[in-house]
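Enquirer: The structure that follows is given in the form of structure tokens.
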Amino acid sequence: MAIFNTISSAGYAHSMDRAYFVNEQNSQEVIPEGKKKPVVGVKDIGMTVIDGPNAGRFSQSITAALRSGASRLELQPIPAGGGSSGGDVDEYGYEERQEIKDLAKINEVELTSVHVHHSTVANLSGMSREGFSEHQRYTIIDEVKRHIDFAADAIDGGSIVVHTAEFPRAIGESRHIDKRYFEGFPGEEKERIHSLINPQTGQIVNIREDQEVWVPVPEKDEKGRIKWLTDEQGRPVVDEFWRTHPAHTHKFNEDGTLKPEYAADSKLFYIPTLKYDLQGNIRTEKQSFKLFKEQEENRGKDEREVLKDFFLRQQQAEITSALGQARQFEVYYYKGIERRKRLMEALDYWKQREKDYPPEEKWRLRRQLADHLPPDIVVPEEKSVTEYLTDLLNDNTRELSYGRETSTSGRTRARMIQDMIQKVQFLEDYAVKKSANSLAELGAYAMKITDEKQPKKDIYITPENMLPEMGWGTHPRELLELITTAREKMIERLTSPEIPDPSGKLGDDGKPLMVKSNDYLPGMTKEQAKQEAETHIKATLDTSHLGQWYKHFKYEVDPRTGGKESEESRLKRFHKWYMEEVENLSKHNVVGNIHVVDTFGRSHVHLTAGKGPMADVVIQAVEYLKEKGVKSISSEASGDIREIMTGTWRAFGSNIYSVGRGTVPFGAMERSYFGRNPPPSYVFGAYSPSEDWTLWSGVPFE
């Protein structure tokens with residue numbers, strides 16, 4: 001019997017032998033001196049596979065991933081767009097979903113998560129180009145629910161990854177971002193935009209730092225206090241427009257005076273006396289938000305109070321314009337009503353007089369009427385007195401209609417602005433609640449589907465931190481607030497029959513409207529609801545996206561020399577901040593899924609772990625979270641598919657377990673043949689043919 005390629009047993013080998021087989025004896029794991037067993041092993045890290053126009057079906061991409069050695073997979077459908085097919089979870093029927101599950105089971109691969117593509121769901125707040133829309137928010141919720149159903153059927157539960165970019169905000173604008181360490185760009189503070197929102201319409205109102213408004217100049221007494229218009233008893237006159245608003249009626253006594261406890265609101269209700277110039281015109285002055293903020297903050301007000309006060313000044317100018325128009329035509333209207341009474345009385349009188357005159361004598365009536373009219377008004381000869389008065393009455397009707405419509409329009413516009421002033425909210429407060437409500441509803445749905453379909457793993461929603469410039473939710477502290485707020489909202493949905501309207505709309509009194517909770521479970525305690533919320537709402541930490549904050553990380557400057565610190569020092573400080581944020585997320589038990597990617601911290605790239613300057617901290621963070629119990633870990637690196645998994649394993653210190661040689665590091669195997677340099681793919685030495693004769697093409701014989 002001839003036995004080939006058994007080097008140790010037969011001693012049969014030659015220079016062209018690739019040595020695919022090795023001695024099977026003494027196979028054991030050998031850990032090199034000074035090394036420890038990896039915290040994150042080969043089976044702990046998976047990779048993302050996609051379905052889409054350029055990738056084929058999941059069955060194909062999963063099969064390709066299996067060849068690379070992946071034992072855990074995250075599925076990401078990428079929509080084709082333009083009405084083309086591909087990239088939609090609903091294109092997988094029940095049979096195909098079962099096939100995906102069976103394919104994973106046969107190959108002993110765990111399907112850990114489903115990633116909703118960012119082109120499908122970019123936020124949970126319902127923000128669009130036109131502002132915030134409930135229709136948009138519920139479209140997003142329905143889209144994520146489809147992925148939850150798919151996860152239950154195809155991957156036996158797990159993480160549902162969605163992106164967070166909830167609303168626009170500057171790097172230095174969020175209260176969570178430490179401005180000592182981060183800035184969007186030098187001078188960002190000067191171009192800062194403060195955002196408010198009208199919850200009734202979803203429209204955003206922006207106030208720039210350099211924004212200006214013209215305001216009337218009030219008269220002041222010797223102590224610098226504003227002088228108010230007073231009545232005959234010396235009491236300040238109250239503006240009825242503000243006093244009669246439903247949000248303010250409780251602030252006044254029965255006699256119309258302001259209650260003492262609301263004295264701080266006097267500027268809103270009292271009418272100031274204004275300064276005039278030499279021509280008798282009301283004086284106005286220009287005021288910038290920046291200057292106004294400095295003045296008010298010096299008086300002890302915080303930035304939020306100042307912002308609302310400036311917004312009030314800004315909108316009061318609009319109210320003044322609308323009310324001025326309304327009040328002017330109201331005067332015409334009331335005078336027109338009085339004139340109409342006189343015209344009708346006159347018409348009745350002259351109708352009776354005309355009955356007493358024969359037709360040929362009615363000209364005398366016109367002369368008598370003319371004696372009672374101003375000289376510039378002439379009664380036409382072709383018309384009788386009653387015809388003329390009827391024409392005047394018709395003109396009066398049109399004038400009254402115009403006055404009524406114009407004044408009503410002005411008052412309506414003023415009331416709408418007034419309502420907006422009363423109900424306006426800070427964008428961050430409003431949008432965070434919208435996002436948290438969406439996430440809470442999805443968490444409750446994930447709980448429901450988990451209970452109904454009983455997948456092997458709980459289904460949970462994991463918003464992913466995106467790039468810093470994309471808006472709120474991308475900073476780890478913002479992500480933490482989103483998760484914790486959503487959990488609180490989910491507890492409320494499960495334990496309360498009524499909840500504040502998720503749309504964010506307010507009643508006339510400025511308080512949230514209450515609506516029925518569709519997720520209310522009678523008998524569920526708050527402690528049980530808390531456990532459910534923590535199970536079904538978590539977060540995805542993308543190590544590369546977190547590393548993108550490096551580009552906004554300020555240099556330390558030597559106060560003596562003015563010189564900047566070295567890049568090495570800056571990177572070291574950033575790594576420290578990075579781990580502090582990871583540890584904080586872990587402390588609050590919010591991380592349920594990890595995307596392992598390296599980065600230079602300058603642009604959105606997907607480097608294999610270990611290939612960039614964030615390598616050390618990325619590995620440290622993933623190992624830390626793994627030890628804290630996070631199990632769903634996958635590489636989202638791009639590039640050479642042969643290297644995505646092996647490069648990631650190598651970065652985490654995993655070894656290759658080979659028969660006969662024990663443990664082999666990946667560096668000794670990758671792009672080689674199990675630790676041996678591959679022999680050339682051409683013949684050489686004594687086996688090489690003579691070069692005395694070659695083909696015209698120059699192609700070697702072998």
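Numbering starts fresh at 1 for the residues of each chain in the structure tokens, the chains themselves are lettered A, B, ... in the order given, and ligands are numbered from 1 as they appear.
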Pick out each residue of range 76-318 of chain A that DSSP on the backbone tags as strand (DSSP E); I need them as a VMD selection string.
Expert: chain A and resid 76 to 77 110 to 115 127 to 128 131 to 132 158 to 164 193 to 198 203 to 208 212 to 216 284 to 288
Enquirer: Could you give me, as CSV, every range 579-673 of chain A residue with an atom at most 12 Å from range 544-550 of chain A, plus its closest atom pair and distance in Å to one decimal, counting only C-alpha atoms, rows ordered by chain then number?
Expert:
```
residue,atom,partner,partner_atom,distance
A:Met579,CA,A:Leu546,CA,10.3
A:Glu580,CA,A:Leu546,CA,11.9
A:Glu581,CA,A:Leu546,CA,9.3
A:Val582,CA,A:Leu546,CA,9.4
A:Ile594,CA,A:Ser544,CA,10.5
A:His595,CA,A:Ser544,CA,8.1
A:Val596,CA,A:Ser544,CA,7.3
A:Val597,CA,A:Ser544,CA,5.1
A:Asp598,CA,A:Ser544,CA,5.3
A:Thr599,CA,A:Ser544,CA,5.4
A:Phe600,CA,A:Gly547,CA,7.7
A:Gly601,CA,A:Gln548,CA,4.2
A:Arg602,CA,A:Gln548,CA,6.1
A:Ser603,CA,A:Gln548,CA,7.0
A:His604,CA,A:Gln548,CA,7.5
A:Val605,CA,A:Ser544,CA,7.9
A:His606,CA,A:Ser544,CA,7.3
A:Leu607,CA,A:Ser544,CA,8.3
A:Thr608,CA,A:Ser544,CA,10.1
A:Ala609,CA,A:Ser544,CA,9.4
A:Gly610,CA,A:Ser544,CA,11.6
A:Lys611,CA,A:Ser544,CA,11.7
A:Gly612,CA,A:Ser544,CA,10.0
A:Pro613,CA,A:Gly547,CA,9.6
A:Met614,CA,A:Gly547,CA,7.0
A:Ala615,CA,A:Ser544,CA,10.0
A:Asp616,CA,A:Gly547,CA,11.6
A:Val617,CA,A:Gly547,CA,9.2
A:Val618,CA,A:Ser544,CA,8.1
A:Ile619,CA,A:Ser544,CA,11.5
A:Ala621,CA,A:Leu546,CA,10.9
A:Val622,CA,A:Ser544,CA,11.8
A:Ser635,CA,A:Ser544,CA,10.6
A:Glu636,CA,A:Ser544,CA,9.3
A:Ala637,CA,A:Ser544,CA,9.6
```
Enquirer: Which of range 128-186 of chain A end up as helix (DSSP H, G or I) when DSSP is run on this backbone - answer as a ChimeraX atom specification?
Expert: /A:134-154
Enquirer: For Gly93 in chain A, work out the shell of residues within 12 Å, counting only C-alpha atoms and skipping chain neighbours fewer than 3 positions away, then give it as a CSV table (one decimal) with all heavy atoms, in the first residue's frame.
Expert:
```csv
chain,number,residue,atom,x,y,z
A,88,ASP,N,-35.6,43.9,1.4
A,88,ASP,CA,-36.8,44.1,2.2
A,88,ASP,C,-37.2,42.8,2.9
A,88,ASP,O,-37.3,41.7,2.3
A,88,ASP,CB,-38.0,44.5,1.3
A,88,ASP,CG,-39.2,45.0,2.1
A,88,ASP,OD1,-39.6,44.3,3.1
A,88,ASP,OD2,-39.8,46.0,1.8
A,89,VAL,N,-37.3,42.8,4.3
A,89,VAL,CA,-37.6,41.6,5.0
A,89,VAL,C,-38.9,40.9,4.6
A,89,VAL,O,-39.0,39.7,4.8
A,89,VAL,CB,-37.5,41.9,6.5
A,89,VAL,CG1,-36.1,42.2,7.0
A,89,VAL,CG2,-38.5,43.0,6.9
A,90,ASP,N,-39.9,41.7,4.2
A,90,ASP,CA,-41.1,41.1,3.8
A,90,ASP,C,-41.1,40.4,2.5
A,90,ASP,O,-42.1,39.8,2.0
A,90,ASP,CB,-42.2,42.2,3.8
A,90,ASP,CG,-42.8,42.5,5.1
A,90,ASP,OD1,-42.3,41.9,6.1
A,90,ASP,OD2,-43.6,43.4,5.3
A,96,GLU,N,-39.0,30.7,3.5
A,96,GLU,CA,-37.6,31.2,3.4
A,96,GLU,C,-37.0,31.6,4.8
A,96,GLU,O,-35.8,31.5,5.0
A,96,GLU,CB,-37.6,32.4,2.4
A,96,GLU,CG,-37.8,32.0,1.0
A,96,GLU,CD,-37.8,33.3,0.1
A,96,GLU,OE1,-38.7,34.1,0.1
A,96,GLU,OE2,-36.8,33.4,-0.7
A,97,ARG,N,-37.9,32.1,5.6
A,97,ARG,CA,-37.4,32.5,7.0
A,97,ARG,C,-37.0,31.2,7.7
A,97,ARG,O,-36.0,31.2,8.4
A,97,ARG,CB,-38.6,33.2,7.7
A,97,ARG,CG,-38.9,34.5,7.1
A,97,ARG,CD,-40.0,35.3,7.9
A,97,ARG,NE,-40.3,36.5,7.2
A,97,ARG,CZ,-40.9,37.6,7.7
A,97,ARG,NH1,-41.2,37.5,9.0
A,97,ARG,NH2,-41.1,38.7,7.1
A,98,GLN,N,-37.7,30.1,7.5
A,98,GLN,CA,-37.4,28.8,8.1
A,98,GLN,C,-36.1,28.3,7.5
A,98,GLN,O,-35.3,27.7,8.2
A,98,GLN,CB,-38.5,27.8,8.0
A,98,GLN,CG,-38.3,26.5,8.7
A,98,GLN,CD,-38.2,26.7,10.2
A,98,GLN,OE1,-39.0,27.4,10.8
A,98,GLN,NE2,-37.2,26.0,10.8
A,99,GLU,N,-35.9,28.5,6.2
A,99,GLU,CA,-34.6,28.1,5.6
A,99,GLU,C,-33.4,28.8,6.2
A,99,GLU,O,-32.4,28.1,6.4
A,99,GLU,CB,-34.7,28.4,4.1
A,99,GLU,CG,-35.6,27.4,3.3
A,99,GLU,CD,-35.8,27.8,1.9
A,99,GLU,OE1,-35.1,28.8,1.4
A,99,GLU,OE2,-36.6,27.2,1.1
A,100,ILE,N,-33.6,30.1,6.5
A,100,ILE,CA,-32.5,30.8,7.1
A,100,ILE,C,-32.1,30.2,8.4
A,100,ILE,O,-31.0,30.0,8.8
A,100,ILE,CB,-32.8,32.3,7.2
A,100,ILE,CG1,-32.9,33.0,5.8
A,100,ILE,CG2,-31.8,33.1,8.1
A,100,ILE,CD1,-33.4,34.4,5.8
A,149,ASP,N,-40.8,41.2,13.6
A,149,ASP,CA,-41.4,40.0,13.2
A,149,ASP,C,-40.5,39.0,12.4
A,149,ASP,O,-40.5,37.8,12.6
A,149,ASP,CB,-42.6,40.3,12.3
A,149,ASP,CG,-43.7,41.0,13.0
A,149,ASP,OD1,-43.8,40.9,14.3
A,149,ASP,OD2,-44.5,41.8,12.4
A,150,PHE,N,-39.6,39.6,11.6
A,150,PHE,CA,-38.7,38.8,10.8
A,150,PHE,C,-37.7,38.2,11.8
A,150,PHE,O,-37.3,37.0,11.6
A,150,PHE,CB,-37.9,39.7,9.8
A,150,PHE,CG,-36.8,39.1,9.1
A,150,PHE,CD1,-37.1,38.2,8.0
A,150,PHE,CD2,-35.5,39.3,9.4
A,150,PHE,CE1,-36.1,37.6,7.3
A,150,PHE,CE2,-34.5,38.7,8.7
A,150,PHE,CZ,-34.8,37.8,7.6
A,153,ASP,N,-39.1,35.1,13.4
A,153,ASP,CA,-39.3,33.9,12.5
A,153,ASP,C,-37.9,33.4,12.0
A,153,ASP,O,-37.8,32.2,11.8
A,153,ASP,CB,-40.1,34.3,11.3
A,153,ASP,CG,-41.5,34.8,11.7
A,153,ASP,OD1,-42.0,34.3,12.7
A,153,ASP,OD2,-42.1,35.6,11.0
A,154,ALA,N,-37.0,34.3,11.7
A,154,ALA,CA,-35.8,33.8,10.9
A,154,ALA,C,-34.6,33.6,11.8
A,154,ALA,O,-33.7,32.8,11.5
A,154,ALA,CB,-35.5,34.8,9.8
```
Enquirer: Rounded to one decimal place, report the CA of Glu173 in chain A-CA of Gln422 in chain A distance in Å.
Expert: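 Interatomic distance, CA of Glu173 in chain A to CA of Gln422 in chain A: 23.9 Å.
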Enquirer: Excluding same-chain residues fewer than 6 positions from range 554-568 of chain A, what lies within 8 Å of it counting only C-alpha atoms, as a list in words?
Expert: Arg180, Tyr181, Phe182 and Glu183 of chain A
Enquirer: Could you list, as number ranges by chain, every residue within 12 Å of range 265-277 of chain A, counting only C-alpha atoms and ignoring same-chain residues fewer than 3 positions away?
Expert: A: 215-221, 225-231, 235-245, 248-249, 251-252, 256-262, 280-285, 309, 312-313, 316, 320, 418, 421-422
Enquirer: Would you kindly return, as a PyMOL selection string, each protein, DNA or RNA residue with an atom no farther than 10 Å from any atom of Lys351 in chain A, considering only C-alpha atoms and excluding same-chain residues fewer than 2 positions away?
Expert: chain A and resi 346-349+353-356+384-387+389
Enquirer: Rounded to one decimal place, report the CA of Leu494 in chain A-CA of Asp156 in chain A distance in Å.
Expert: 24.5 Å
